[in-house]
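Novice: Structure file my_file.csv (CSV, C-alpha atoms) right here:
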chain,number,residue,atom,x,y,z
A,164,MET,CA,54.8,50.9,-21.8
A,165,THR,CA,54.4,47.2,-22.8
A,166,ARG,CA,54.0,47.6,-26.5
A,167,ARG,CA,54.8,44.7,-28.8
A,168,PRO,CA,53.9,44.0,-32.4
A,169,VAL,CA,50.8,41.9,-32.6
A,170,ASP,CA,50.8,41.7,-36.3
A,171,SER,CA,54.3,40.6,-37.1
A,172,GLY,CA,54.0,41.6,-40.8
A,173,VAL,CA,52.5,38.2,-41.8
A,174,PRO,CA,48.8,39.1,-42.2
A,175,ASP,CA,48.1,35.6,-43.5
A,176,ARG,CA,48.8,34.2,-40.1
A,177,LEU,CA,45.6,35.9,-38.8
A,178,TYR,CA,43.5,34.5,-41.6
A,179,THR,CA,44.8,31.1,-40.7
A,180,VAL,CA,43.9,31.5,-37.1
A,181,THR,CA,40.3,32.4,-38.0
A,182,GLY,CA,40.0,30.0,-40.9
A,183,GLY,CA,39.7,33.0,-43.3
A,184,ARG,CA,36.9,34.7,-41.5
A,185,SER,CA,37.3,38.4,-40.8
A,186,ARG,CA,34.2,39.0,-38.7
A,187,THR,CA,31.9,37.1,-36.4
A,188,GLN,CA,28.2,36.8,-36.6
A,189,ASP,CA,28.0,37.2,-32.9
A,190,THR,CA,28.4,40.9,-32.3
A,191,THR,CA,27.6,40.7,-28.6
A,192,PHE,CA,31.2,40.3,-27.6
A,193,ASP,CA,32.5,43.5,-26.0
A,194,LEU,CA,36.0,44.4,-25.0
A,195,VAL,CA,35.1,44.0,-21.4
A,196,THR,CA,33.0,40.8,-21.8
A,197,ILE,CA,34.2,38.4,-19.1
A,198,VAL,CA,34.9,35.0,-20.3
A,199,VAL,CA,34.7,31.8,-18.2
A,200,GLY,CA,36.2,28.5,-19.3
A,201,GLU,CA,33.6,25.7,-19.1
A,202,ALA,CA,35.7,22.8,-20.6
A,203,GLU,CA,39.1,21.3,-20.6
A,204,PRO,CA,41.4,22.0,-23.5
A,205,ALA,CA,41.6,18.8,-25.5
A,206,LEU,CA,43.9,17.3,-28.0
A,207,GLY,CA,42.9,18.1,-31.6
A,208,MET,CA,41.6,21.6,-30.7
A,209,GLN,CA,43.0,24.6,-32.5
A,210,SER,CA,46.0,25.9,-30.5
A,211,GLU,CA,44.5,29.3,-30.0
A,212,HIS,CA,41.3,27.7,-28.6
A,213,ILE,CA,43.5,25.7,-26.2
A,214,ARG,CA,45.4,28.9,-25.1
A,215,ILE,CA,42.1,30.7,-24.5
A,216,LEU,CA,40.7,27.8,-22.4
A,217,ARG,CA,43.9,27.8,-20.3
A,218,LEU,CA,43.7,31.5,-19.8
A,219,CYS,CA,40.1,31.6,-18.7
A,220,GLY,CA,39.9,28.1,-17.1
A,221,ARG,CA,41.1,29.1,-13.7
A,222,HIS,CA,39.9,32.7,-13.5
A,223,PRO,CA,37.4,34.7,-15.4
A,224,THR,CA,39.2,36.8,-17.9
A,225,SER,CA,38.0,39.7,-20.0
A,226,LEU,CA,38.2,39.7,-23.8
A,227,VAL,CA,40.6,42.5,-23.9
A,228,GLU,CA,43.0,40.8,-21.5
A,229,LEU,CA,42.8,37.6,-23.5
A,230,SER,CA,43.6,39.6,-26.6
A,231,SER,CA,46.7,41.1,-24.9
A,232,HIS,CA,47.9,37.8,-23.5
A,233,LEU,CA,47.4,36.0,-26.8
A,234,GLY,CA,49.0,38.7,-28.8
A,235,LEU,CA,46.0,38.7,-31.2
A,236,PRO,CA,43.9,41.6,-32.4
A,237,VAL,CA,40.6,42.1,-30.6
A,238,GLY,CA,38.5,41.2,-33.7
A,239,VAL,CA,40.3,37.8,-34.1
A,240,VAL,CA,39.8,37.0,-30.5
A,241,LYS,CA,36.0,37.7,-30.9
A,242,ILE,CA,35.9,35.2,-33.7
A,243,LEU,CA,37.7,32.6,-31.6
A,244,LEU,CA,35.5,33.2,-28.6
A,245,ALA,CA,32.3,32.9,-30.8
A,246,ASP,CA,33.6,29.4,-31.8
A,247,LEU,CA,34.1,28.4,-28.3
A,248,LEU,CA,30.8,29.8,-27.1
A,249,ALA,CA,29.0,28.0,-29.9
A,250,ALA,CA,30.7,24.7,-28.8
A,251,GLY,CA,29.7,25.3,-25.2
A,252,ARG,CA,33.3,25.5,-24.0
A,253,ILE,CA,33.1,28.9,-22.5
A,254,SER,CA,30.4,31.1,-21.0
A,255,ALA,CA,30.3,34.9,-21.5
A,256,ARG,CA,29.3,37.6,-19.0
A,257,HIS,CA,28.5,40.6,-21.2
A,258,PRO,CA,28.6,44.1,-19.7
A,259,ARG,CA,25.2,45.6,-18.9
A,260,SER,CA,26.1,48.6,-21.0
A,261,ALA,CA,25.9,46.3,-24.1
A,262,ALA,CA,22.4,44.9,-23.2
A,263,PRO,CA,19.8,45.8,-25.8
A,264,GLY,CA,18.2,49.1,-25.0
A,265,ALA,CA,20.9,50.0,-22.5
A,266,GLU,CA,21.6,53.7,-22.3
A,267,LEU,CA,25.1,55.1,-22.7
A,268,LEU,CA,25.2,56.3,-19.1
A,269,PRO,CA,24.7,53.7,-16.3
A,270,PRO,CA,21.9,54.4,-13.8
A,271,ALA,CA,22.7,56.9,-11.0
A,272,GLU,CA,22.6,54.0,-8.5
A,273,THR,CA,25.4,52.2,-10.3
A,274,LEU,CA,27.5,55.4,-10.7
A,275,LYS,CA,27.2,56.1,-6.9
A,276,LYS,CA,28.6,52.7,-6.3
A,277,VAL,CA,31.4,53.3,-8.8
A,278,LEU,CA,32.2,56.6,-7.2
A,279,ARG,CA,32.3,55.2,-3.7
A,280,ALA,CA,34.6,52.4,-4.8
A,281,LEU,CA,37.0,54.8,-6.5
A,282,GLN,CA,37.0,57.1,-3.4
A,283,ASN,CA,37.9,54.1,-1.3
A,284,LEU,CA,40.9,53.1,-3.4
R,162,MET,CA,39.1,25.3,-11.7
R,163,HIS,CA,40.2,22.8,-14.1
R,164,SER,CA,42.9,20.2,-13.7
R,165,ARG,CA,45.2,20.1,-16.6
R,166,THR,CA,45.0,17.5,-19.3
R,167,SER,CA,48.2,15.6,-18.9
R,168,ASP,CA,48.6,15.0,-22.6
R,169,LEU,CA,49.1,18.7,-23.3
R,170,PRO,CA,52.3,20.5,-22.6
R,171,ALA,CA,51.9,22.6,-19.5
R,172,ASP,CA,51.3,26.3,-19.9
R,173,PRO,CA,51.0,27.9,-16.5
R,174,GLY,CA,49.3,31.0,-17.9
R,175,PRO,CA,49.9,34.6,-16.9
R,176,TRP,CA,49.2,34.1,-13.2
R,177,ALA,CA,51.5,31.2,-12.5
R,178,GLY,CA,54.7,33.1,-11.5
R,179,GLY,CA,58.2,33.0,-12.9
R,180,ALA,CA,59.3,29.5,-13.7
R,181,GLY,CA,58.8,27.9,-17.1
R,182,ARG,CA,57.8,30.7,-19.3
R,183,PRO,CA,60.1,32.0,-22.1
R,184,GLY,CA,61.5,35.4,-21.6
R,185,PRO,CA,61.2,38.2,-24.2
R,186,ALA,CA,63.3,37.8,-27.3
R,187,GLY,CA,64.8,34.5,-26.2
R,188,ARG,CA,65.8,35.7,-22.8
R,189,PRO,CA,65.9,32.8,-20.4
R,190,PRO,CA,63.1,32.6,-17.8
R,191,GLY,CA,64.2,34.3,-14.6
R,192,PRO,CA,62.8,35.6,-11.3
R,193,GLY,CA,62.0,39.0,-12.9
R,194,TRP,CA,60.1,37.4,-15.8
R,195,PRO,CA,57.2,37.4,-16.4
R,196,PRO,CA,56.4,40.6,-14.7
R,197,ASN,CA,53.9,40.3,-11.9
R,198,PRO,CA,50.6,40.2,-13.8
R,199,GLY,CA,48.6,41.5,-10.8
R,200,PRO,CA,45.5,39.9,-9.3
R,201,PRO,CA,43.2,37.9,-11.6
R,202,LEU,CA,39.6,38.9,-11.8
R,203,ARG,CA,37.3,37.7,-9.0
R,204,GLN,CA,35.3,34.5,-9.7
R,205,THR,CA,32.1,36.7,-9.3
R,206,ALA,CA,33.2,39.4,-11.8
R,207,ALA,CA,30.3,39.9,-14.2
R,208,ASP,CA,29.9,43.5,-15.3
R,209,GLY,CA,32.8,45.3,-17.1
R,210,LEU,CA,32.6,49.1,-17.2
R,211,LYS,CA,34.6,51.3,-19.5
R,212,ILE,CA,36.3,54.6,-19.2
R,213,ALA,CA,38.6,56.0,-21.9
R,214,VAL,CA,41.5,58.3,-21.4
R,215,VAL,CA,42.1,60.1,-24.7
R,216,GLY,CA,45.2,62.0,-25.5
R,217,GLY,CA,48.0,62.4,-28.0
R,218,PHE,CA,51.4,60.6,-27.8
R,219,GLY,CA,53.3,61.7,-24.8
R,220,ALA,CA,50.3,63.2,-23.0
R,221,GLY,CA,50.7,60.6,-20.2
R,222,LYS,CA,47.8,58.2,-20.9
R,223,THR,CA,49.7,55.1,-20.1
R,224,THR,CA,51.2,56.7,-17.0
R,225,LEU,CA,47.8,57.7,-15.7
R,226,VAL,CA,46.4,54.2,-16.4
R,227,GLY,CA,49.4,52.6,-14.7
R,228,ALA,CA,49.1,54.9,-11.7
R,229,ILE,CA,45.5,53.7,-10.9
R,230,SER,CA,45.4,50.2,-12.3
R,231,GLU,CA,45.6,47.0,-10.2
R,232,ILE,CA,47.5,45.3,-13.0
R,233,PRO,CA,50.5,46.6,-14.9
R,234,PRO,CA,49.1,48.3,-18.0
R,235,LEU,CA,48.6,45.9,-20.9
R,236,SER,CA,48.3,46.7,-24.5
R,237,THR,CA,46.7,45.2,-27.5
R,238,GLU,CA,45.4,46.3,-30.9
R,239,GLU,CA,42.5,46.2,-33.3
R,240,THR,CA,42.8,46.1,-37.1
R,241,MET,CA,40.4,47.1,-39.7
R,242,SER,CA,40.5,46.9,-43.4
R,243,SER,CA,40.2,50.1,-45.5
R,244,ALA,CA,36.7,49.1,-46.7
R,245,GLY,CA,35.4,49.2,-43.1
R,246,VAL,CA,37.1,52.5,-42.4
R,247,GLY,CA,35.0,54.2,-45.0
R,248,ILE,CA,37.9,55.6,-47.0
R,249,ASP,CA,36.8,56.1,-50.5
R,250,ASP,CA,40.0,56.7,-52.3
R,251,PRO,CA,39.8,55.9,-56.0
R,252,ALA,CA,43.6,55.3,-56.1
R,253,THR,CA,43.2,52.3,-53.8
R,254,SER,CA,39.6,51.0,-54.3
R,255,GLY,CA,40.1,50.7,-58.1
R,256,ALA,CA,43.2,48.7,-57.7
R,257,GLY,CA,41.5,46.2,-55.4
R,258,THR,CA,44.2,46.7,-52.8
R,259,LYS,CA,43.2,46.2,-49.2
R,260,PHE,CA,44.8,48.4,-46.6
R,261,ARG,CA,44.8,47.5,-43.0
R,262,THR,CA,44.5,50.1,-40.3
R,263,THR,CA,45.9,49.1,-36.9
R,264,VAL,CA,45.2,50.9,-33.7
R,265,ALA,CA,47.1,50.0,-30.5
R,266,PHE,CA,45.8,50.9,-27.1
R,267,ASP,CA,46.6,50.2,-23.5
R,268,PHE,CA,44.5,49.5,-20.6
R,269,GLY,CA,44.3,48.8,-16.9
R,270,ARG,CA,41.6,47.6,-14.5
R,271,ILE,CA,40.2,48.4,-11.1
R,272,THR,CA,38.0,45.9,-9.3
R,273,LEU,CA,35.1,48.0,-7.9
R,274,ASP,CA,33.1,45.3,-6.0
R,275,GLU,CA,32.2,41.6,-6.2
R,276,GLU,CA,30.6,42.1,-9.5
R,277,ARG,CA,31.9,45.2,-11.2
R,278,VAL,CA,35.2,45.8,-12.7
R,279,LEU,CA,36.3,49.1,-14.3
R,280,TYR,CA,38.5,49.0,-17.3
R,281,VAL,CA,40.4,52.2,-18.1
R,282,PHE,CA,41.6,52.5,-21.7
R,283,GLY,CA,44.3,54.7,-22.9
R,284,ALA,CA,43.2,55.7,-26.4
R,285,PRO,CA,45.3,57.5,-28.9
R,286,GLY,CA,43.5,60.6,-30.1
R,287,GLN,CA,44.7,60.5,-33.7
R,288,GLU,CA,42.3,60.6,-36.5
R,289,ARG,CA,42.2,57.0,-37.6
R,290,PHE,CA,41.5,55.9,-34.0
R,291,TRP,CA,38.0,57.5,-34.1
R,292,PHE,CA,37.0,55.2,-36.9
R,293,LEU,CA,37.3,52.3,-34.4
R,294,TRP,CA,35.5,54.0,-31.5
R,295,ASP,CA,32.2,52.3,-32.1
R,296,ARG,CA,33.7,48.9,-32.5
R,297,LEU,CA,35.9,49.2,-29.5
R,298,PHE,CA,34.5,51.7,-27.1
R,299,SER,CA,30.7,51.7,-27.6
R,300,GLY,CA,29.2,51.6,-24.1
R,301,THR,CA,32.0,53.7,-22.6
R,302,MET,CA,30.4,55.6,-19.8
R,303,GLY,CA,32.7,58.6,-20.0
R,304,ALA,CA,36.1,59.9,-21.1
R,305,VAL,CA,39.0,61.9,-19.8
R,306,VAL,CA,40.7,64.1,-22.3
R,307,LEU,CA,44.3,64.3,-21.1
R,308,VAL,CA,45.8,67.6,-22.3
R,309,ASP,CA,49.4,68.0,-23.2
R,310,THR,CA,49.7,71.8,-23.2
R,311,ARG,CA,52.5,71.6,-25.7
R,312,ARG,CA,50.1,70.1,-28.2
R,313,ILE,CA,46.7,71.7,-27.6
R,314,THR,CA,45.4,71.0,-31.1
R,315,ASP,CA,45.3,67.2,-30.4
R,316,SER,CA,42.8,68.0,-27.6
R,317,TRP,CA,40.6,70.1,-29.8
R,318,TYR,CA,40.1,67.2,-32.1
R,319,ALA,CA,39.4,64.8,-29.2
R,320,ILE,CA,36.9,67.2,-27.6
R,321,ASP,CA,35.1,67.6,-31.0
R,322,ARG,CA,34.8,63.9,-31.5
R,323,LEU,CA,33.5,63.1,-28.0
R,324,GLU,CA,30.9,65.9,-28.3
R,325,HIS,CA,29.9,64.4,-31.7
R,326,LEU,CA,29.6,60.9,-30.2
R,327,GLY,CA,27.7,62.2,-27.2
R,328,VAL,CA,30.2,60.7,-24.7
R,329,PRO,CA,30.4,62.8,-21.5
R,330,PHE,CA,33.9,63.8,-20.6
R,331,ILE,CA,36.1,65.9,-18.4
R,332,VAL,CA,39.5,67.5,-19.3
R,333,ALA,CA,42.6,66.9,-17.2
R,334,ARG,CA,45.8,68.9,-17.7
R,335,ASN,CA,48.8,66.7,-17.1
R,336,ASN,CA,51.3,68.9,-15.3
R,337,PHE,CA,54.9,68.2,-16.4
R,338,GLY,CA,56.2,71.3,-14.7
R,339,PRO,CA,55.0,74.6,-13.4
R,340,PRO,CA,52.0,75.5,-15.6
R,341,GLY,CA,52.6,78.4,-17.9
R,342,HIS,CA,48.9,79.3,-18.0
R,343,SER,CA,46.0,79.2,-15.6
R,344,LEU,CA,43.2,76.7,-16.0
R,345,GLU,CA,40.9,79.6,-17.0
R,346,GLU,CA,43.3,80.5,-19.9
R,347,LEU,CA,43.3,76.8,-20.9
R,348,ARG,CA,39.5,76.6,-20.8
R,349,ASP,CA,39.4,79.6,-23.2
R,350,ALA,CA,42.1,78.1,-25.4
R,351,LEU,CA,40.1,74.8,-25.6
R,352,ALA,CA,36.7,76.7,-26.0
R,353,LEU,CA,35.5,74.4,-23.3
R,354,PRO,CA,31.9,75.1,-22.1
R,355,PRO,CA,31.7,76.0,-18.4
R,356,GLY,CA,29.8,72.9,-17.4
R,357,ILE,CA,32.7,70.6,-18.3
R,358,PRO,CA,35.1,70.0,-15.4
R,359,LEU,CA,38.8,70.9,-16.0
R,360,VAL,CA,41.3,69.8,-13.5
R,361,ASP,CA,45.1,69.7,-13.1
R,362,CYS,CA,46.7,66.4,-12.4
R,363,ASP,CA,50.0,64.6,-12.1
R,364,ALA,CA,49.5,61.4,-14.0
R,365,ARG,CA,52.3,59.7,-12.2
R,366,LYS,CA,50.7,60.0,-8.8
R,367,ARG,CA,48.0,57.5,-7.8
R,368,HIS,CA,46.1,60.0,-5.7
R,369,SER,CA,46.0,62.4,-8.6
R,370,ALA,CA,44.9,59.8,-11.1
R,371,LYS,CA,42.3,58.7,-8.7
R,372,ARG,CA,41.0,62.3,-8.3
R,373,VAL,CA,40.7,62.5,-12.1
R,374,LEU,CA,38.5,59.4,-12.3
R,375,VAL,CA,36.5,60.6,-9.3
R,376,THR,CA,35.9,63.9,-11.0
R,377,LEU,CA,34.7,62.2,-14.1
R,378,VAL,CA,32.3,59.8,-12.3
R,379,ASP,CA,31.0,62.7,-10.3
R,380,HIS,CA,30.3,64.5,-13.5
R,381,LEU,CA,28.6,61.5,-15.0
R,382,LEU,CA,26.5,61.2,-11.8
R,383,THR,CA,25.2,64.7,-12.3
R,384,PHE,CA,24.1,63.8,-15.8
R,385,ALA,CA,22.4,60.6,-14.6
R,386,THR,CA,20.7,62.3,-11.7
R,387,ASP,CA,19.4,65.1,-14.0
R,388,ARG,CA,18.2,62.4,-16.5
R,389,GLU,CA,16.3,60.5,-13.8
R,390,THR,CA,14.7,63.6,-12.3
R,391,LEU,CA,13.4,64.5,-15.7
R,392,ARG,CA,11.4,61.3,-16.0
Since I need it in another form, could you write the structure as structure tokens?

Specialist:
Amino acid sequence: MTRRPVDSGVPDRLYTVTGGRSRTQDTTFDLVTIVVGEAEPALGMQSEHIRILRLCGRHPTSLVELSSHLGLPVGVVKILLADLLAAGRISARHPRSAAPGAELLPPAETLKKVLRALQNL
Amino acid sequence: MHSRTSDLPADPGPWAGGAGRPGPAGRPPGPGWPPNPGPPLRQTAADGLKIAVVGGFGAGKTTLVGAISEIPPLSTEETMSSAGVGIDDPATSGAGTKFRTTVAFDFGRITLDEERVLYVFGAPGQERFWFLWDRLFSGTMGAVVLVDTRRITDSWYAIDRLEHLGVPFIVARNNFGPPGHSLEELRDALALPPGIPLVDCDARKRHSAKRVLVTLVDHLLTFATDRETLR
């Protein structure tokens, strides 16, 4: 179990990180949205933005893994990612399940592939 | 594939191996730290899928996730203020006090093919967690209710919530020792309809954890096939 306190008892810290925002306009980010860095971290950028760009610069990284590596709650990471997306510094690969009109259950064809992959583990 | 900006202090990131990163609680960097983060996602990874393993504390969620994941289980959390949780308590709302609810969860991942990657989330089954389901786990294709037979009431609540949310699920009994009851007795105790698979597992064993997920996806496939034949 690798539990560690994300909120170290200083709630103001999180507000500072997000500039006082508590939610993002962009609700398309999902826990499993895969984030790809599209720009170099640069001086003058907010340190959390720099850390995100470093984490997803070399390898695509999911939002939830970013949240875990950064030690920041999921909602805060969504706000930071929305900033970076708006600035064109990352691209986002959203899950098909989050597409408008997607059904809860993936198509049978997809599930068959998932099943086969799991059986081959 | 970026070269590092030389003006910035180097941070090798989680996949860079041992040297240079601070250890926990001031421990000096050493060969055992940081722990092996497992393989990064493939460059072609594009579609994340979600499965939730729901169970109370000590039911073995993290163990099951760890047994099947290609990375050591990670954890993170989500917070929500009382206003969003929908608690209407005059004692707190009148005073203008904001309460923060925090839910921690762990997860692992399994790369399925070039494009698809499956995330398996260990989700606490307690009441406050369900308020965050839509925000965190919408789009979850299915769930495993991991039963700790010493605390069956935890599972009742999870089963009720999943039925309410319309998330297909199976039930797995984590066997800590020789079972005191048969699976049929457990099915009765859980009031589980006959169509929902109920299996025994040993969450510590990879093959057993794998069988649980295979049983779930097989169950989902039955749903999906039925749905498609009805069209």

Novice: Nearest to chain R: which of A:Gly251, A:Gly238, A:Gly182, A:Gly207 is it, counting all atoms listed in the file?

Specialist: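 With all atoms listed in the file as the atom set, the closest residue is A:Gly238.
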
Novice: Quick one: pull the distance between CA of Ala350 (chain R) and CA of Leu382 (chain R), Å, one decimal.

Specialist: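 About the pair CA of Ala350 (chain R) and CA of Leu382 (chain R): they are 26.7 Å apart.
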
Novice: With 8 Å as the cut-off and only C-alpha atoms counted, what is the closest atom pair between each nearby residue of chain A and chain R? Distances in Å to one decimal, ordered by chain and number, as a Markdown table.

Specialist:
| residue | atom | partner | partner_atom | distance |
| --- | --- | --- | --- | --- |
| A:Met164 | CA | R:Thr223 | CA | 6.8 |
| A:Thr165 | CA | R:Leu235 | CA | 6.2 |
| A:Arg166 | CA | R:Ser236 | CA | 6.1 |
| A:Val169 | CA | R:Glu238 | CA | 7.2 |
| A:Asp193 | CA | R:Leu297 | CA | 7.5 |
| A:Leu194 | CA | R:Leu297 | CA | 6.6 |
| A:Val195 | CA | R:Gly209 | CA | 5.0 |
| A:Thr196 | CA | R:Gly209 | CA | 6.5 |
| A:Ile197 | CA | R:Ala207 | CA | 6.4 |
| A:Ala202 | CA | R:His163 | CA | 7.9 |
| A:Glu203 | CA | R:His163 | CA | 6.8 |
| A:Pro204 | CA | R:Thr166 | CA | 7.1 |
| A:Ala205 | CA | R:Thr166 | CA | 7.2 |
| A:Leu206 | CA | R:Leu169 | CA | 7.1 |
| A:Arg217 | CA | R:Gly174 | CA | 6.7 |
| A:Leu218 | CA | R:Gly174 | CA | 5.9 |
| A:Gly220 | CA | R:His163 | CA | 6.1 |
| A:Arg221 | CA | R:Met162 | CA | 4.7 |
| A:His222 | CA | R:Gln204 | CA | 6.2 |
| A:Pro223 | CA | R:Leu202 | CA | 6.0 |
| A:Thr224 | CA | R:Leu202 | CA | 6.5 |
| A:Val227 | CA | R:Thr237 | CA | 7.6 |
| A:Glu228 | CA | R:Leu235 | CA | 7.6 |
| A:Ser230 | CA | R:Thr237 | CA | 6.5 |
| A:Ser231 | CA | R:Thr237 | CA | 4.9 |
| A:His232 | CA | R:Pro175 | CA | 7.6 |
| A:Gly234 | CA | R:Thr237 | CA | 7.0 |
| A:Leu235 | CA | R:Thr237 | CA | 7.5 |
| A:Pro236 | CA | R:Glu239 | CA | 4.9 |
| A:Val237 | CA | R:Glu239 | CA | 5.3 |
| A:Gly238 | CA | R:Glu239 | CA | 6.4 |
| A:Arg256 | CA | R:Ala207 | CA | 5.4 |
| A:His257 | CA | R:Asp208 | CA | 6.7 |
| A:Pro258 | CA | R:Asp208 | CA | 4.6 |
| A:Arg259 | CA | R:Asp208 | CA | 6.3 |
| A:Ser260 | CA | R:Gly300 | CA | 5.3 |
| A:Ala261 | CA | R:Gly300 | CA | 6.2 |
| A:Leu267 | CA | R:Gly300 | CA | 5.6 |
| A:Leu268 | CA | R:Met302 | CA | 5.3 |
| A:Pro269 | CA | R:Met302 | CA | 7.0 |
| A:Pro270 | CA | R:Ala385 | CA | 6.3 |
| A:Ala271 | CA | R:Ala385 | CA | 5.2 |
| A:Leu274 | CA | R:Leu382 | CA | 6.0 |
| A:Lys275 | CA | R:Leu382 | CA | 7.1 |
| A:Val277 | CA | R:Leu273 | CA | 6.5 |
| A:Leu278 | CA | R:Val378 | CA | 6.0 |
| A:Ala280 | CA | R:Leu273 | CA | 5.4 |
| A:Leu281 | CA | R:Val375 | CA | 6.5 |
| A:Gln282 | CA | R:Val375 | CA | 6.9 |
| A:Leu284 | CA | R:Lys371 | CA | 7.8 |

Novice: Can you tell me, as an NGL selection string, what residues are no more than 8 Å from Val332 (chain R) when counting only C-alpha atoms, ignoring any on the same chain fewer than 3 positions away?

Specialist: :R and (305-308 or 357-360)

Novice: Figure out the distance between CA of Val199 (chain A) and CA of Ser254 (chain A), please, to one decimal in Å.

Specialist: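 According to the coordinates, CA of Ser254 (chain A) and CA of Val199 (chain A) are separated by 5.2 Å.
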
Novice: Name all residues at most 8 Å from region 319-321 of chain R (count all atoms listed in the file; drop same-chain ones fewer than 4 positions away) and give them as a list in words.

Specialist: Val215, Gly216, Gly286, Val306, Asp315 and His325 of chain R

Novice: Quote the spacing between CA of Glu346 (chain R) and CA of Ile331 (chain R) in Å to one decimal place.

Specialist: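 Atom-to-atom, CA of Glu346 (chain R) and CA of Ile331 (chain R) are spaced 16.3 Å apart.
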
Novice: I need the residue nearest Phe330 (chain R) from this list: R:Pro285, R:Gly217, R:Pro198, R:Gly356. Use all atoms listed in the file for the distance.

Specialist: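 Checking each of R:Pro285, R:Gly217, R:Pro198, R:Gly356 against Phe330 (chain R), counting all atoms listed in the file, the winner is R:Gly356.
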